[in-house]
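Q: File start_10.cif follows (mmCIF, C-alpha atoms):
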```cif
data_protein
#
loop_
_atom_site.group_PDB
_atom_site.id
_atom_site.type_symbol
_atom_site.label_atom_id
_atom_site.label_comp_id
_atom_site.auth_asym_id
_atom_site.auth_seq_id
_atom_site.Cartn_x
_atom_site.Cartn_y
_atom_site.Cartn_z
ATOM 1 C CA MET C 1 0.000 0.000 0.000
ATOM 2 C CA ASN C 2 1.448 3.320 -1.027
ATOM 3 C CA SER C 3 1.884 5.972 1.628
ATOM 4 C CA LEU C 4 0.323 9.298 0.719
ATOM 5 C CA ALA C 5 1.560 12.841 1.215
ATOM 6 C CA PRO C 6 0.111 14.712 4.213
ATOM 7 C CA ARG C 7 -3.269 16.265 3.589
ATOM 8 C CA SER C 8 -2.026 19.790 4.321
ATOM 9 C CA SER C 9 0.727 19.605 1.707
ATOM 10 C CA PHE C 10 -1.753 18.780 -1.020
ATOM 11 C CA LEU C 11 -4.048 21.605 0.016
ATOM 12 C CA LEU C 12 -1.248 24.160 0.090
ATOM 13 C CA SER C 13 0.081 22.961 -3.238
ATOM 14 C CA ALA C 14 -3.335 23.274 -4.860
ATOM 15 C CA LEU C 15 -3.985 26.727 -3.447
ATOM 16 C CA ALA C 16 -0.550 27.952 -4.521
ATOM 17 C CA VAL C 17 -1.228 26.944 -8.099
ATOM 18 C CA LEU C 18 -4.625 28.627 -8.091
ATOM 19 C CA ILE C 19 -3.258 31.868 -6.621
ATOM 20 C CA CYS C 20 -0.700 32.223 -9.413
ATOM 21 C CA LEU C 21 -3.424 32.022 -12.045
ATOM 22 C CA ALA C 22 -3.989 35.703 -12.774
ATOM 23 C CA SER C 23 -0.303 36.513 -13.289
ATOM 24 C CA ALA C 24 0.846 33.299 -14.924
ATOM 25 C CA ILE C 25 -1.262 33.145 -18.088
ATOM 26 C CA GLN C 26 0.024 35.448 -20.788
ATOM 27 C CA PHE C 27 -2.572 36.151 -23.474
ATOM 28 C CA THR C 28 -0.371 36.899 -26.476
ATOM 29 C CA SER C 29 -1.742 38.438 -29.613
ATOM 30 C CA ALA C 30 -1.764 35.015 -31.219
ATOM 31 C CA GLN C 31 -3.762 33.528 -28.359
ATOM 32 C CA ALA C 32 -6.180 36.375 -27.707
ATOM 33 C CA GLN C 33 -9.511 36.075 -29.456
ATOM 34 C CA THR C 34 -11.069 39.004 -31.235
ATOM 35 C CA GLN C 35 -14.363 40.231 -29.884
ATOM 36 C CA ASN C 36 -16.415 38.781 -32.730
ATOM 37 C CA LYS C 37 -14.605 35.447 -33.041
ATOM 38 C CA ILE C 38 -16.071 32.298 -31.550
ATOM 39 C CA THR C 39 -13.681 30.722 -29.053
ATOM 40 C CA THR C 40 -13.392 26.953 -28.826
ATOM 41 C CA PRO C 41 -12.540 25.104 -25.587
ATOM 42 C CA GLN C 42 -9.082 24.422 -27.063
ATOM 43 C CA SER C 43 -8.169 28.126 -26.879
ATOM 44 C CA PRO C 44 -7.437 29.986 -23.627
ATOM 45 C CA HIS C 45 -10.393 32.187 -22.863
ATOM 46 C CA ILE C 46 -10.643 34.415 -19.824
ATOM 47 C CA PHE C 47 -14.416 33.993 -19.633
ATOM 48 C CA ASP C 48 -14.011 30.286 -18.927
ATOM 49 C CA MET C 49 -12.256 31.066 -15.652
ATOM 50 C CA PRO C 50 -15.350 31.447 -13.409
ATOM 51 C CA ALA C 51 -16.503 27.936 -14.345
ATOM 52 C CA ILE C 52 -12.989 26.540 -13.946
ATOM 53 C CA GLY C 53 -12.508 28.298 -10.620
ATOM 54 C CA GLU C 54 -15.786 26.899 -9.294
ATOM 55 C CA ARG C 55 -14.804 23.374 -10.316
ATOM 56 C CA MET C 56 -11.330 23.820 -8.863
ATOM 57 C CA ARG C 57 -12.751 24.621 -5.437
ATOM 58 C CA PHE C 58 -14.442 21.214 -5.343
ATOM 59 C CA ILE C 59 -11.248 19.520 -6.532
ATOM 60 C CA VAL C 60 -9.115 21.222 -3.876
ATOM 61 C CA ALA C 61 -11.652 20.183 -1.244
ATOM 62 C CA GLY C 62 -11.380 16.621 -2.507
ATOM 63 C CA LEU C 63 -7.607 16.690 -2.267
ATOM 64 C CA ALA C 64 -7.774 18.133 1.245
ATOM 65 C CA SER C 65 -10.099 15.344 2.384
ATOM 66 C CA ARG C 66 -8.015 12.700 0.566
ATOM 67 C CA ARG C 67 -10.774 11.825 -1.862
ATOM 68 C CA PHE C 68 -8.129 11.330 -4.531
ATOM 69 C CA SER C 69 -10.257 9.318 -6.937
ATOM 70 C CA ALA C 70 -12.894 12.057 -7.117
ATOM 71 C CA ALA C 71 -10.213 14.733 -7.473
ATOM 72 C CA GLU C 72 -8.550 12.800 -10.299
ATOM 73 C CA THR C 73 -11.860 12.472 -12.112
ATOM 74 C CA GLY C 74 -12.518 16.189 -11.736
ATOM 75 C CA LEU C 75 -9.081 17.153 -13.006
ATOM 76 C CA ARG C 76 -9.315 14.862 -16.007
ATOM 77 C CA GLU C 77 -12.691 16.373 -16.861
ATOM 78 C CA LEU C 78 -11.193 19.867 -16.698
ATOM 79 C CA ILE C 79 -8.286 18.832 -18.907
ATOM 80 C CA SER C 80 -10.680 17.294 -21.417
ATOM 81 C CA LYS C 81 -12.801 20.440 -21.605
ATOM 82 C CA TYR C 82 -10.024 23.020 -21.159
ATOM 83 C CA PRO C 83 -6.810 21.363 -22.406
ATOM 84 C CA TRP C 84 -4.956 24.700 -22.263
ATOM 85 C CA HIS C 85 -5.422 25.006 -18.473
ATOM 86 C CA PHE C 86 -1.947 24.193 -17.182
ATOM 87 C CA GLN C 87 -2.995 24.288 -13.519
ATOM 88 C CA SER C 88 -5.138 21.199 -14.053
ATOM 89 C CA HIS C 89 -2.212 19.369 -15.637
ATOM 90 C CA TYR C 90 0.085 20.402 -12.784
ATOM 91 C CA LEU C 91 -2.307 19.351 -10.017
ATOM 92 C CA LEU C 92 -3.007 16.031 -11.688
ATOM 93 C CA ALA C 93 0.743 15.497 -12.096
ATOM 94 C CA SER C 94 1.217 16.055 -8.362
ATOM 95 C CA LEU C 95 -1.615 13.630 -7.603
ATOM 96 C CA MET C 96 -0.019 10.989 -9.825
ATOM 97 C CA ALA C 97 3.339 11.577 -8.149
ATOM 98 C CA VAL C 98 1.883 11.046 -4.674
ATOM 99 C CA GLN C 99 0.512 7.697 -5.851
ATOM 100 C CA GLU C 100 3.873 6.824 -7.446
ATOM 101 C CA ARG C 101 2.405 6.760 -10.934
ATOM 102 C CA GLY C 102 5.574 8.271 -12.299
ATOM 103 C CA ASP C 103 5.036 7.914 -16.038
ATOM 104 C CA GLU C 104 1.725 9.752 -15.867
ATOM 105 C CA ALA C 105 3.139 12.356 -13.490
ATOM 106 C CA PHE C 106 6.040 13.239 -15.786
ATOM 107 C CA ALA C 107 3.871 13.360 -18.898
ATOM 108 C CA LEU C 108 1.411 15.725 -17.208
ATOM 109 C CA LEU C 109 4.149 17.899 -15.734
ATOM 110 C CA ASP C 110 5.822 18.147 -19.119
ATOM 111 C CA LYS C 111 2.531 19.255 -20.638
ATOM 112 C CA ALA C 112 1.971 21.806 -17.857
ATOM 113 C CA ILE C 113 5.341 23.394 -18.635
ATOM 114 C CA ASP C 114 4.555 23.489 -22.349
ATOM 115 C CA LEU C 115 1.234 25.200 -21.614
ATOM 116 C CA GLY C 116 2.646 27.908 -19.362
ATOM 117 C CA PHE C 117 3.529 26.609 -15.901
ATOM 118 C CA SER C 118 6.455 28.771 -14.750
ATOM 119 C CA ASN C 119 6.712 28.522 -10.951
ATOM 120 C CA GLN C 120 10.187 27.084 -10.581
ATOM 121 C CA SER C 121 10.151 27.469 -6.806
ATOM 122 C CA ALA C 122 6.892 25.524 -6.467
ATOM 123 C CA LEU C 123 8.287 22.733 -8.594
ATOM 124 C CA TYR C 124 11.184 22.190 -6.201
ATOM 125 C CA LYS C 125 9.289 22.781 -2.957
ATOM 126 C CA ASP C 126 6.086 20.876 -3.696
ATOM 127 C CA ALA C 127 6.163 17.920 -1.276
ATOM 128 C CA ASN C 128 3.826 15.969 -3.528
ATOM 129 C CA PHE C 129 6.718 15.381 -5.948
ATOM 130 C CA SER C 130 9.078 14.062 -3.273
ATOM 131 C CA LYS C 131 8.684 10.439 -4.375
ATOM 132 C CA ILE C 132 9.727 11.116 -7.970
ATOM 133 C CA ARG C 133 12.190 13.980 -7.467
ATOM 134 C CA SER C 134 15.184 11.624 -7.581
ATOM 135 C CA ASP C 135 14.129 10.342 -11.002
ATOM 136 C CA PRO C 136 16.334 11.754 -13.794
ATOM 137 C CA ARG C 137 13.190 12.763 -15.642
ATOM 138 C CA PHE C 138 12.384 15.274 -12.920
ATOM 139 C CA SER C 139 15.779 16.958 -13.332
ATOM 140 C CA ALA C 140 15.264 17.020 -17.088
ATOM 141 C CA LEU C 141 11.908 18.751 -16.727
ATOM 142 C CA ALA C 142 13.316 21.224 -14.213
ATOM 143 C CA GLU C 143 16.070 22.063 -16.702
ATOM 144 C CA LYS C 144 13.469 22.423 -19.441
ATOM 145 C CA LEU C 145 11.588 24.932 -17.299
ATOM 146 C CA VAL C 146 14.761 26.928 -16.587
ATOM 147 C CA THR C 147 15.601 27.053 -20.293
ATOM 148 C CA LYS C 148 12.051 28.075 -21.183
ATOM 149 C CA LEU C 149 12.027 30.883 -18.611
ATOM 150 C CA ALA C 150 15.418 32.161 -19.785
ATOM 151 C CA HIS C 151 14.159 32.268 -23.364
ATOM 152 C CA GLU C 152 10.988 34.125 -22.374
ATOM 153 C CA GLN C 153 12.942 36.718 -20.409
ATOM 154 C CA GLN C 154 14.772 37.781 -23.563
ATOM 155 C CA SER C 155 11.696 39.705 -24.648
ATOM 156 C CA PRO C 156 9.244 41.582 -22.408
ATOM 157 C CA PRO C 157 5.889 39.854 -21.959
ATOM 158 C CA PRO C 158 2.814 41.424 -23.504
ATOM 159 C CA PRO C 159 0.512 43.300 -21.134
ATOM 160 C CA LEU C 160 -2.040 41.120 -19.391
ATOM 161 C CA VAL C 161 -4.810 43.585 -20.135
ATOM 162 C CA SER C 162 -5.400 46.621 -22.337
ATOM 163 C CA VAL C 163 -7.701 49.484 -21.464
ATOM 164 C CA GLN C 164 -10.593 50.125 -23.830
ATOM 165 C CA ASN C 165 -12.201 53.507 -24.199
ATOM 166 C CA ILE C 166 -15.918 53.962 -23.705
ATOM 167 C CA ARG C 167 -17.258 55.409 -26.938
ATOM 168 C CA ASN C 168 -20.784 56.559 -27.635
ATOM 169 C CA ASN C 169 -21.723 55.448 -24.128
ATOM 170 C CA ILE C 170 -20.885 51.826 -24.988
ATOM 171 C CA ALA C 171 -18.399 49.825 -22.894
ATOM 172 C CA ASN C 172 -17.113 46.783 -24.751
ATOM 173 C CA ILE C 173 -16.011 43.766 -22.727
ATOM 174 C CA SER C 174 -13.577 41.394 -24.426
ATOM 175 C CA GLN C 175 -10.708 39.094 -23.591
ATOM 176 C CA THR C 176 -8.212 41.853 -24.318
ATOM 177 C CA ASN C 177 -9.419 44.167 -21.539
ATOM 178 C CA THR C 178 -10.490 41.586 -18.945
ATOM 179 C CA VAL C 179 -8.510 39.613 -16.361
ATOM 180 C CA TRP C 180 -9.435 36.946 -13.842
ATOM 181 C CA ASP C 181 -8.768 37.833 -10.202
ATOM 182 C CA ASN C 182 -8.269 34.445 -8.585
ATOM 183 C CA ARG C 183 -8.054 35.904 -5.083
ATOM 184 C CA TYR C 184 -11.630 37.149 -5.196
ATOM 185 C CA ASN C 185 -12.915 34.832 -7.946
ATOM 186 C CA VAL C 186 -14.142 37.661 -10.137
ATOM 187 C CA LEU C 187 -13.544 39.001 -13.621
ATOM 188 C CA LYS C 188 -12.171 42.547 -13.833
ATOM 189 C CA THR C 189 -12.511 44.689 -16.947
ATOM 190 C CA ALA C 190 -10.563 47.890 -17.613
ATOM 191 C CA PHE C 191 -12.313 50.918 -19.115
ATOM 192 C CA ALA C 192 -11.243 54.463 -19.803
ATOM 193 C CA PHE C 193 -13.524 57.423 -20.298
ATOM 194 C CA ASN C 194 -12.708 59.982 -22.935
ATOM 195 C CA SER C 195 -13.081 62.757 -20.382
ATOM 196 C CA ARG C 196 -12.704 63.086 -16.640
ATOM 197 C CA LYS C 197 -16.455 63.157 -16.255
ATOM 198 C CA ALA C 198 -18.071 59.770 -16.631
ATOM 199 C CA PRO C 199 -21.294 59.603 -18.623
ATOM 200 C CA PRO C 200 -24.429 59.262 -16.452
ATOM 201 C CA THR C 201 -25.337 55.965 -18.125
ATOM 202 C CA PHE C 202 -23.666 53.639 -20.562
ATOM 203 C CA SER C 203 -24.332 50.244 -22.136
ATOM 204 C CA ILE C 204 -22.115 47.175 -21.759
ATOM 205 C CA ARG C 205 -21.463 44.838 -24.660
ATOM 206 C CA ALA C 206 -19.788 41.468 -24.120
#
```
Would you give me this structure, written as structure tokens?
A:
Amino acid sequence: MNSLAPRSSFLLSALAVLICLASAIQFTSAQAQTQNKITTPQSPHIFDMPAIGERMRFIVAGLASRRFSAAETGLRELISKYPWHFQSHYLLASLMAVQERGDEAFALLDKAIDLGFSNQSALYKDANFSKIRSDPRFSALAEKLVTKLAHEQQSPPPPLVSVQNIRNNIANISQTNTVWDNRYNVLKTAFAFNSRKAPPTFSIRA
């Protein structure tokens, strides 16, 4: 029978990944969807985050109460519906590692890095990976992450959000001017008025 990581370590690991959400995902011009374009589940979309965040709360609760089978099912469902969501890949990798399912853990961790996971400190400190950290594949993935981060630092990242002006009393909401605040579980949209005096009323278009 495999020994499992302490309940608290899994909870802290899960929360740490969720907290980094707002700052970790970079919506580049190639990834960002235009306002009139239909977005498929295969493309990162900020407006999917409320649904993902709600599901993640149940998954974290499952991990905290050691209901690992239910948490695994929930994570696999998220990955199936939102394959770009690297946090789901990372959490499932940590769950596989705890259960000493190394091949699955490394494949999922590799995918998380490809999709945008960038927390090098969490990778080394996460107790859930303790059972596979001595495997050469872990060192290879850690080196891959270091190389990826070094390459990304050569050019400044695009802004996470752009401010859109309110024109003709219409405030447009799109992926380009909206971010997900994981701390408060809300979407935040940035607007700018053309004058210091805000109009008395204005319409919102999503």
Q: Which residue gives the smallest distance to Ile113 in chain C among C:Met56, C:Gln175, C:Val146, C:Ser162, with all atoms listed in the file counted?
A: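 Closest candidate: C:Val146.
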Q: For Leu149 in chain C, find every residue with an atom within 9 Å (counting only C-alpha atoms), except residues of its own chain fewer than 5 positions away, and show them as a list in words.
A: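 The contact residues come out as Ser118, Lys144 and Gln154 of chain C.
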Q: Would you compute the distance between CA of Pro83 in chain C and CA of Phe68 in chain C? Give it in Å to one decimal.
A: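 A separation of 20.5 Å between them.
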Q: Here is a test: counting all atoms listed in the file, which residue of C:Ser94, C:Ser121, C:Asn172, C:Thr73 is nearest to Leu108 in chain C?
A: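 Smallest distance to Leu108 in chain C is found for C:Ser94.
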Q: Counting all atoms listed in the file, figure out which residue out of C:Phe58, C:Lys111, C:Asp48, C:Gly53 gets nearest to Lys81 in chain C.
A: C:Asp48
